[in-house]
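**Student:** Sharing protein_1.csv, CSV, C-alpha atoms:
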```csv
chain,number,residue,atom,x,y,z
A,1167,MET,CA,36.2,-24.5,-3.9
A,1168,SER,CA,34.2,-24.5,-0.7
A,1169,LEU,CA,31.4,-27.1,0.0
A,1170,GLN,CA,28.8,-24.3,-0.2
A,1171,ASN,CA,30.0,-23.2,-3.7
A,1172,GLU,CA,30.2,-26.7,-4.9
A,1173,ALA,CA,26.6,-27.3,-3.8
A,1174,ASN,CA,25.5,-24.1,-5.5
A,1175,THR,CA,27.1,-25.3,-8.8
A,1176,ARG,CA,25.6,-28.7,-8.6
A,1177,ALA,CA,22.0,-27.4,-7.9
A,1178,LYS,CA,21.0,-24.1,-9.5
A,1179,PHE,CA,17.6,-22.4,-10.1
A,1180,MET,CA,17.4,-19.3,-12.2
A,1181,LEU,CA,14.8,-16.9,-13.5
A,1182,SER,CA,15.2,-15.6,-17.1
A,1183,GLN,CA,13.7,-12.4,-18.5
A,1184,GLY,CA,12.1,-13.6,-21.7
A,1185,PRO,CA,12.4,-17.1,-23.1
A,1186,VAL,CA,14.8,-19.5,-21.4
A,1187,HIS,CA,18.3,-20.1,-22.9
A,1188,LEU,CA,19.8,-22.6,-20.5
A,1189,GLU,CA,23.5,-23.1,-20.8
A,1190,TYR,CA,24.1,-26.6,-19.7
A,1191,GLN,CA,27.7,-27.3,-20.4
A,1192,HIS,CA,28.2,-28.8,-17.0
A,1193,SER,CA,31.7,-29.9,-15.9
A,1194,CYS,CA,30.3,-33.4,-15.8
A,1195,SER,CA,31.3,-35.9,-13.2
A,1196,PRO,CA,32.7,-39.1,-14.6
A,1197,GLU,CA,30.0,-40.8,-12.4
A,1198,SER,CA,27.2,-39.5,-14.7
A,1199,GLY,CA,25.7,-42.0,-17.0
A,1200,ALA,CA,22.6,-40.0,-17.9
A,1201,LEU,CA,21.7,-36.4,-18.8
A,1202,VAL,CA,17.9,-36.0,-18.7
A,1203,SER,CA,16.2,-32.8,-20.0
A,1204,PHE,CA,12.7,-31.4,-19.9
A,1205,ASP,CA,11.7,-28.3,-21.8
A,1206,GLY,CA,8.3,-26.7,-21.3
A,1207,LEU,CA,6.9,-24.8,-24.3
A,1208,VAL,CA,4.1,-22.3,-24.7
A,1209,ARG,CA,1.2,-24.2,-26.2
A,1210,ASN,CA,-1.5,-22.6,-28.4
A,1211,ASN,CA,-4.4,-23.9,-26.4
A,1212,ASN,CA,-5.6,-24.5,-22.9
A,1213,GLU,CA,-8.8,-25.9,-21.6
A,1214,GLY,CA,-10.6,-25.4,-24.9
A,1215,LYS,CA,-9.4,-21.8,-25.5
A,1216,ASP,CA,-7.1,-20.6,-28.2
A,1217,VAL,CA,-4.0,-19.1,-26.5
A,1218,LEU,CA,-2.3,-16.2,-28.3
A,1219,ARG,CA,0.5,-15.6,-25.8
A,1220,LEU,CA,1.5,-15.9,-22.1
A,1221,GLU,CA,2.8,-13.5,-19.5
A,1222,TYR,CA,4.7,-14.9,-16.5
A,1223,SER,CA,5.3,-12.9,-13.4
A,1224,ALA,CA,7.1,-13.9,-10.2
A,1225,TYR,CA,7.7,-13.0,-6.6
A,1226,ALA,CA,11.4,-13.2,-7.5
A,1227,GLU,CA,12.9,-13.2,-4.0
A,1228,LEU,CA,10.8,-16.1,-2.8
A,1229,ALA,CA,10.8,-17.9,-6.2
A,1230,LEU,CA,14.6,-18.0,-6.3
A,1231,HIS,CA,14.7,-19.3,-2.7
A,1232,GLU,CA,12.0,-22.0,-3.2
A,1233,GLY,CA,13.4,-23.0,-6.6
A,1234,SER,CA,16.9,-23.4,-5.2
A,1235,LEU,CA,15.5,-25.6,-2.4
A,1236,ILE,CA,13.8,-27.8,-5.0
A,1237,VAL,CA,16.9,-28.5,-7.1
A,1238,LYS,CA,19.0,-29.1,-3.9
A,1239,GLU,CA,16.4,-31.5,-2.6
A,1240,ALA,CA,16.4,-33.3,-5.9
A,1241,VAL,CA,20.2,-33.6,-5.9
A,1242,ASP,CA,20.0,-35.1,-2.4
A,1243,CYS,CA,16.9,-37.3,-2.8
A,1244,PHE,CA,17.8,-38.8,-6.2
A,1245,ALA,CA,21.6,-38.9,-5.7
A,1246,LEU,CA,22.2,-36.7,-8.7
A,1247,GLN,CA,25.5,-35.3,-9.7
A,1248,ALA,CA,23.8,-32.0,-10.7
A,1249,ALA,CA,20.4,-30.4,-11.4
A,1250,LEU,CA,19.7,-27.1,-13.2
A,1251,CYS,CA,16.3,-25.3,-13.7
A,1252,SER,CA,15.5,-22.0,-15.4
A,1253,HIS,CA,12.1,-20.4,-15.7
A,1254,ALA,CA,11.1,-17.6,-18.0
A,1255,LEU,CA,9.4,-14.3,-16.9
A,1256,GLY,CA,7.6,-11.7,-19.1
A,1257,VAL,CA,5.8,-12.1,-22.3
A,1258,LEU,CA,6.2,-15.4,-24.3
A,1259,GLU,CA,4.9,-16.3,-27.7
A,1260,ILE,CA,3.6,-19.7,-28.8
A,1261,GLY,CA,6.4,-22.2,-29.1
A,1262,GLN,CA,8.9,-20.3,-26.9
A,1263,LEU,CA,10.7,-21.9,-24.0
A,1264,ALA,CA,9.0,-21.4,-20.6
A,1265,VAL,CA,11.0,-23.7,-18.4
A,1266,SER,CA,14.1,-25.9,-18.8
A,1267,ILE,CA,15.4,-28.6,-16.6
A,1268,ARG,CA,18.7,-30.7,-16.8
A,1269,VAL,CA,19.7,-33.4,-14.4
A,1270,TRP,CA,22.8,-35.5,-14.4
A,1271,ALA,CA,22.4,-38.9,-12.8
A,1272,SER,CA,24.3,-42.1,-12.6
A,1273,HIS,CA,21.5,-44.0,-14.3
A,1274,ARG,CA,18.5,-43.1,-16.5
A,1275,GLY,CA,15.9,-44.2,-13.9
A,1276,GLU,CA,16.7,-41.7,-11.2
A,1277,GLY,CA,17.4,-39.1,-14.0
A,1278,PHE,CA,13.9,-39.4,-15.4
A,1279,GLU,CA,12.3,-39.6,-12.0
A,1280,ALA,CA,14.2,-36.5,-10.7
A,1281,CYS,CA,13.3,-34.5,-13.8
A,1282,ARG,CA,9.6,-35.2,-13.4
A,1283,TRP,CA,9.8,-34.5,-9.7
A,1284,ILE,CA,11.5,-31.1,-10.2
A,1285,ILE,CA,8.9,-29.9,-12.8
A,1286,ASP,CA,6.0,-31.0,-10.6
A,1287,GLN,CA,7.5,-29.3,-7.5
A,1288,VAL,CA,8.2,-26.1,-9.5
A,1289,LYS,CA,4.6,-26.0,-10.8
A,1290,SER,CA,3.2,-26.4,-7.3
A,1291,ARG,CA,5.6,-24.5,-5.0
A,1292,VAL,CA,7.4,-21.7,-6.8
A,1293,PRO,CA,5.5,-18.3,-6.7
A,1294,ILE,CA,5.3,-17.8,-10.5
A,1295,TRP,CA,2.0,-16.8,-12.2
A,1296,LYS,CA,0.8,-17.1,-15.7
A,1297,LYS,CA,-1.6,-14.8,-17.5
A,1298,GLU,CA,-3.0,-16.2,-20.7
A,1299,SER,CA,-4.1,-14.0,-23.6
A,1300,TYR,CA,-6.6,-15.6,-26.0
A,1301,THR,CA,-7.3,-15.1,-29.6
A,1302,ASP,CA,-10.8,-13.7,-28.8
A,1303,GLY,CA,-9.1,-10.7,-27.1
A,1304,THR,CA,-9.8,-11.8,-23.5
A,1305,CYS,CA,-7.1,-12.7,-20.9
A,1306,GLU,CA,-7.1,-14.4,-17.5
A,1307,TRP,CA,-4.8,-15.6,-14.7
A,1308,VAL,CA,-4.4,-19.3,-14.6
A,1309,LEU,CA,-5.3,-20.6,-11.1
A,1310,CYS,CA,-4.8,-24.3,-11.3
A,1311,GLN,CA,-1.7,-25.9,-9.8
A,1312,HIS,CA,-1.7,-28.4,-6.9
A,1313,VAL,CA,0.7,-31.2,-6.1
A,1314,GLY,CA,-0.3,-34.4,-7.8
A,1315,HIS,CA,-2.3,-32.8,-10.6
A,1316,HIS,CA,-1.1,-33.3,-14.1
A,1317,GLY,CA,-1.4,-31.4,-17.3
A,1318,HIS,CA,-0.7,-27.7,-18.2
B,130,MET,CA,0.9,-2.7,14.4
B,131,THR,CA,2.2,-1.6,11.0
B,132,VAL,CA,3.4,-4.0,8.3
B,133,ARG,CA,4.4,-3.8,4.7
B,134,LEU,CA,2.4,-5.6,2.1
B,135,ARG,CA,3.4,-6.5,-1.5
B,136,TYR,CA,0.8,-7.8,-4.1
B,137,PHE,CA,1.3,-10.1,-7.1
B,138,ALA,CA,-0.7,-11.4,-10.0
B,139,ALA,CA,-4.5,-11.5,-9.4
B,140,PHE,CA,-4.3,-9.7,-6.1
B,141,ARG,CA,-2.3,-6.9,-7.6
B,142,GLU,CA,-4.9,-6.4,-10.3
B,143,ILE,CA,-7.8,-6.4,-7.8
B,144,CYS,CA,-6.3,-3.8,-5.4
B,145,GLN,CA,-4.3,-1.9,-8.1
B,146,LEU,CA,-1.3,-1.7,-5.9
B,147,ASP,CA,2.2,-3.2,-6.0
B,148,GLN,CA,2.8,-2.5,-2.3
B,149,GLU,CA,1.5,-0.6,0.7
B,150,THR,CA,2.0,0.0,4.4
B,151,TYR,CA,-0.9,-1.2,6.5
B,152,CYS,CA,-1.7,-0.3,10.1
B,153,GLY,CA,-4.3,-2.1,12.1
B,154,GLN,CA,-5.3,-4.5,14.9
B,155,PHE,CA,-4.0,-8.0,14.1
B,156,LYS,CA,-1.7,-10.6,15.6
B,157,THR,CA,-1.3,-13.4,13.1
B,158,VAL,CA,-0.9,-13.5,9.3
B,159,ALA,CA,-4.4,-15.1,9.2
B,160,ASP,CA,-5.9,-12.1,11.1
B,161,LEU,CA,-4.3,-9.7,8.6
B,162,TYR,CA,-5.5,-11.7,5.6
B,163,GLU,CA,-9.1,-11.4,6.9
B,164,LEU,CA,-8.8,-7.6,7.1
B,165,ILE,CA,-7.2,-7.3,3.7
B,166,CYS,CA,-9.8,-9.6,2.1
B,167,LYS,CA,-12.5,-7.3,3.5
B,168,LYS,CA,-10.7,-4.2,2.4
B,169,TYR,CA,-10.2,-5.3,-1.2
B,170,GLN,CA,-12.9,-8.0,-1.6
B,171,PHE,CA,-10.4,-10.7,-2.3
B,172,THR,CA,-12.5,-13.9,-2.8
B,173,LEU,CA,-9.7,-16.6,-2.5
B,174,ASN,CA,-9.9,-18.4,0.8
B,175,MET,CA,-7.0,-19.5,3.0
B,176,GLN,CA,-6.9,-23.0,1.4
B,177,GLN,CA,-6.3,-21.4,-2.0
B,178,THR,CA,-3.7,-18.9,-0.8
B,179,ARG,CA,-0.3,-19.2,0.9
B,180,PRO,CA,1.3,-16.5,3.1
B,181,ALA,CA,4.9,-15.4,3.2
B,182,ILE,CA,6.7,-13.3,5.8
B,183,ASN,CA,10.0,-11.6,4.9
B,184,ASP,CA,10.4,-13.5,1.6
B,185,ARG,CA,9.8,-17.0,3.1
B,186,PHE,CA,6.6,-19.1,3.2
B,187,CYS,CA,5.0,-19.3,6.7
B,188,ALA,CA,2.1,-20.8,8.5
B,189,TRP,CA,-1.2,-18.9,8.8
B,190,ASP,CA,-0.9,-18.8,12.6
B,191,ASN,CA,2.5,-17.1,12.5
B,192,ALA,CA,2.6,-14.0,14.7
B,193,LEU,CA,3.6,-10.8,12.9
B,194,GLN,CA,6.2,-8.3,14.1
B,195,GLU,CA,6.3,-4.6,13.5
B,196,ASN,CA,7.5,-3.7,9.9
B,197,ASP,CA,7.3,-7.3,8.6
B,198,LEU,CA,7.0,-7.7,4.9
B,199,VAL,CA,3.9,-9.8,4.2
B,200,VAL,CA,2.8,-11.4,0.8
B,201,PHE,CA,-0.4,-13.4,0.1
B,202,ILE,CA,0.3,-15.8,-2.7
B,203,PRO,CA,-2.6,-16.8,-5.0
B,204,PRO,CA,-2.4,-20.2,-6.6
B,205,VAL,CA,0.8,-20.5,-8.6
B,206,ALA,CA,1.0,-21.5,-12.2
B,207,GLY,CA,4.6,-21.9,-13.3
B,208,GLY,CA,5.8,-24.3,-15.9
```
In structure tokens, write the structure found in this file.

**Tutor:**
Amino acid sequence: MSLQNEANTRAKFMLSQGPVHLEYQHSCSPESGALVSFDGLVRNNNEGKDVLRLEYSAYAELALHEGSLIVKEAVDCFALQAALCSHALGVLEIGQLAVSIRVWASHRGEGFEACRWIIDQVKSRVPIWKKESYTDGTCEWVLCQHVGHHGH
Amino acid sequence: MTVRLRYFAAFREICQLDQETYCGQFKTVADLYELICKKYQFTLNMQQTRPAINDRFCAWDNALQENDLVVFIPPVAGG
């Protein structure tokens, strides 16, 4: 296996049409002592409004490029054995999986830290947009993400 | 100069277009954004929007070349 292929296997960002189903059977390195996961779900409320469903759309070419940079940066910065991230596109109902992250690290500390860093970076850098439909029949684009802000 | 533009999310809904070819007098991506904002009454300013040329993020002062693909990216909301 070439170095390039190995790097691609160790750090992967994907877009999923519909809810995410992340396969994470990773041929784990014996150095890994922690597998940390984060799953983002569609919640039934946002900023005081009752959410019925969401629709995600993306600028796919740039989203895949930027998402891949993020997971590769995470592998390098946190000395991970591997990092995977998959984000849903299209219509999602309440409770469905919008984003999944898995990181393999030597210890839990860098695993938790890397997982948090990846989701924060994805929310602030990857060109994916969310349109919320509310129970009152209205809908709107969510315009909210900046680095360092929490929630959502 | 002529460039290609693609629109996403809120911008796509405002101008009712997925893409177009645009011909005008501009040098940088910021010049072009000003013209497009006037054309479609976009209200997001340059601090709220990020530009991309040929599927990569770029700076607002990047010079454009003939036939470049330009995208103005409204605030993202993944996750």

**Student:** Would you be able to write out as a PyMOL selection string which residues have an atom within 8 Å of (4.0, -21.0, -25.0) in the file's coordinates, counting only C-alpha atoms?

**Tutor:** chain A and resi 1207-1210+1219-1220+1258-1264

**Student:** For chain A, which residue among B:Met175, B:Ala139, B:Cys152, B:Val199 is the nearest when counting all atoms listed in the file?

**Tutor:**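 So, comparing all the options, the nearest one is B:Ala139.
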
**Student:** Any idea what's packed within 12 Å of Ile143 in chain B, counting all atoms listed in the file, ignoring anything in its chain fewer than 3 positions away? Could you give it as a PyMOL selection string?

**Tutor:** (chain A and resi 1307) or (chain B and resi 136-140+146-147+165-166+168-173+203)

**Student:** Keeping C-alpha atoms, export the residues of the selection given above as an mmCIF file, in the coordinates of the input.

**Tutor:**
```cif
data_model
loop_
_atom_site.group_PDB
_atom_site.id
_atom_site.type_symbol
_atom_site.label_atom_id
_atom_site.label_comp_id
_atom_site.auth_asym_id
_atom_site.auth_seq_id
_atom_site.Cartn_x
_atom_site.Cartn_y
_atom_site.Cartn_z
ATOM 1 C CA TRP A 1307 -4.800 -15.600 -14.700
ATOM 2 C CA TYR B 136 0.800 -7.800 -4.100
ATOM 3 C CA PHE B 137 1.300 -10.100 -7.100
ATOM 4 C CA ALA B 138 -0.700 -11.400 -10.000
ATOM 5 C CA ALA B 139 -4.500 -11.500 -9.400
ATOM 6 C CA PHE B 140 -4.300 -9.700 -6.100
ATOM 7 C CA LEU B 146 -1.300 -1.700 -5.900
ATOM 8 C CA ASP B 147 2.200 -3.200 -6.000
ATOM 9 C CA ILE B 165 -7.200 -7.300 3.700
ATOM 10 C CA CYS B 166 -9.800 -9.600 2.100
ATOM 11 C CA LYS B 168 -10.700 -4.200 2.400
ATOM 12 C CA TYR B 169 -10.200 -5.300 -1.200
ATOM 13 C CA GLN B 170 -12.900 -8.000 -1.600
ATOM 14 C CA PHE B 171 -10.400 -10.700 -2.300
ATOM 15 C CA THR B 172 -12.500 -13.900 -2.800
ATOM 16 C CA LEU B 173 -9.700 -16.600 -2.500
ATOM 17 C CA PRO B 203 -2.600 -16.800 -5.000
#
```

**Student:** Can you sort out the box for range 1239-1245 of chain A, edges along x, y and z, all listed atoms in, 3 Å on every side, with centre and edge lengths in Å to one decimal, as AutoDock Vina command-line options?

**Tutor:**
```
--center_x 19.0 --center_y -35.2 --center_z -4.3 --size_x 11.2 --size_y 13.4 --size_z 9.8
```

**Student:** Compile the contact shell of Gly207 in chain B as an NGL selection string: residues with an atom at most 9 Å away, counting only C-alpha atoms, same-chain residues fewer than 6 positions apart removed.

**Tutor:** :A and (1222 or 1224 or 1253 or 1264-1265 or 1288-1296 or 1311)

**Student:** Go ahead and save the picked residues with C-alpha atoms, as a JSON list (two decimals), in the coordinates of the input.

**Tutor:**
```json
[["chain", "number", "residue", "atom", "x", "y", "z"],
["A", 1222, "TYR", "CA", 4.70, -14.90, -16.50],
["A", 1224, "ALA", "CA", 7.10, -13.90, -10.20],
["A", 1253, "HIS", "CA", 12.10, -20.40, -15.70],
["A", 1264, "ALA", "CA", 9.00, -21.40, -20.60],
["A", 1265, "VAL", "CA", 11.00, -23.70, -18.40],
["A", 1288, "VAL", "CA", 8.20, -26.10, -9.50],
["A", 1289, "LYS", "CA", 4.60, -26.00, -10.80],
["A", 1290, "SER", "CA", 3.20, -26.40, -7.30],
["A", 1291, "ARG", "CA", 5.60, -24.50, -5.00],
["A", 1292, "VAL", "CA", 7.40, -21.70, -6.80],
["A", 1293, "PRO", "CA", 5.50, -18.30, -6.70],
["A", 1294, "ILE", "CA", 5.30, -17.80, -10.50],
["A", 1295, "TRP", "CA", 2.00, -16.80, -12.20],
["A", 1296, "LYS", "CA", 0.80, -17.10, -15.70],
["A", 1311, "GLN", "CA", -1.70, -25.90, -9.80]]
```

**Student:** Give the residues of chain B that lie within 6 Å of chain A; count only C-alpha atoms, and format the answer as a list in words.

**Tutor:**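 In the required form, that comes to Asp184, Pro204, Val205, Ala206, Gly207 and Gly208 of chain B.
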
**Student:** How many Å separate CA of Trp189 in chain B from CA of Thr157 in chain B?

**Tutor:**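 Value for the CA of Trp189 in chain B-CA of Thr157 in chain B distance: 7.0 Å.
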
**Student:** Mind pulling up the distance from CA of Leu1250 in chain A to CA of Ala1177 in chain A?

**Tutor:**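 Separating CA of Ala1177 in chain A from CA of Leu1250 in chain A is a distance of 5.8 Å.
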
**Student:** Please, what distance in Å, to one decimal, runs between CA of Arg135 in chain B and CA of Ile202 in chain B?

**Tutor:**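 So the answer is 9.9 Å.
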
**Student:** For Asn196 in chain B, which of B:Ala159, B:Ala181, B:Leu134, B:Cys144 is the closest residue, counting only C-alpha atoms?

**Tutor:** B:Leu134

**Student:** Might you pull out every residue within 6 Å of range 1195-1204 of chain A, with only C-alpha atoms counted and same-chain residues fewer than 6 positions away left off, and present them as a PyMOL selection string?

**Tutor:** chain A and resi 1266-1274+1277

**Student:** Using only C-alpha atoms, pick whichever of A:Val1237, A:Leu1218, A:Leu1230, A:Cys1251 has the shortest atom-to-atom distance to Leu1188 in chain A.

**Tutor:**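 Residue with the minimum atom-to-atom distance to Leu1188 in chain A: A:Cys1251.
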
**Student:** Taking only C-alpha atoms into account, which of B:Met130, B:Arg179, B:Gln194, B:Arg141 comes nearest Gln154 in chain B?

**Tutor:**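 Between B:Met130, B:Arg179, B:Gln194, B:Arg141, the residue approaching Gln154 in chain B most closely is B:Met130.
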
**Student:** Nearest to Val132 in chain B among B:Ile182, B:Thr150, B:Asp190, B:Lys156, with distances taken over all atoms listed in the file: which residue is it?

**Tutor:** B:Thr150
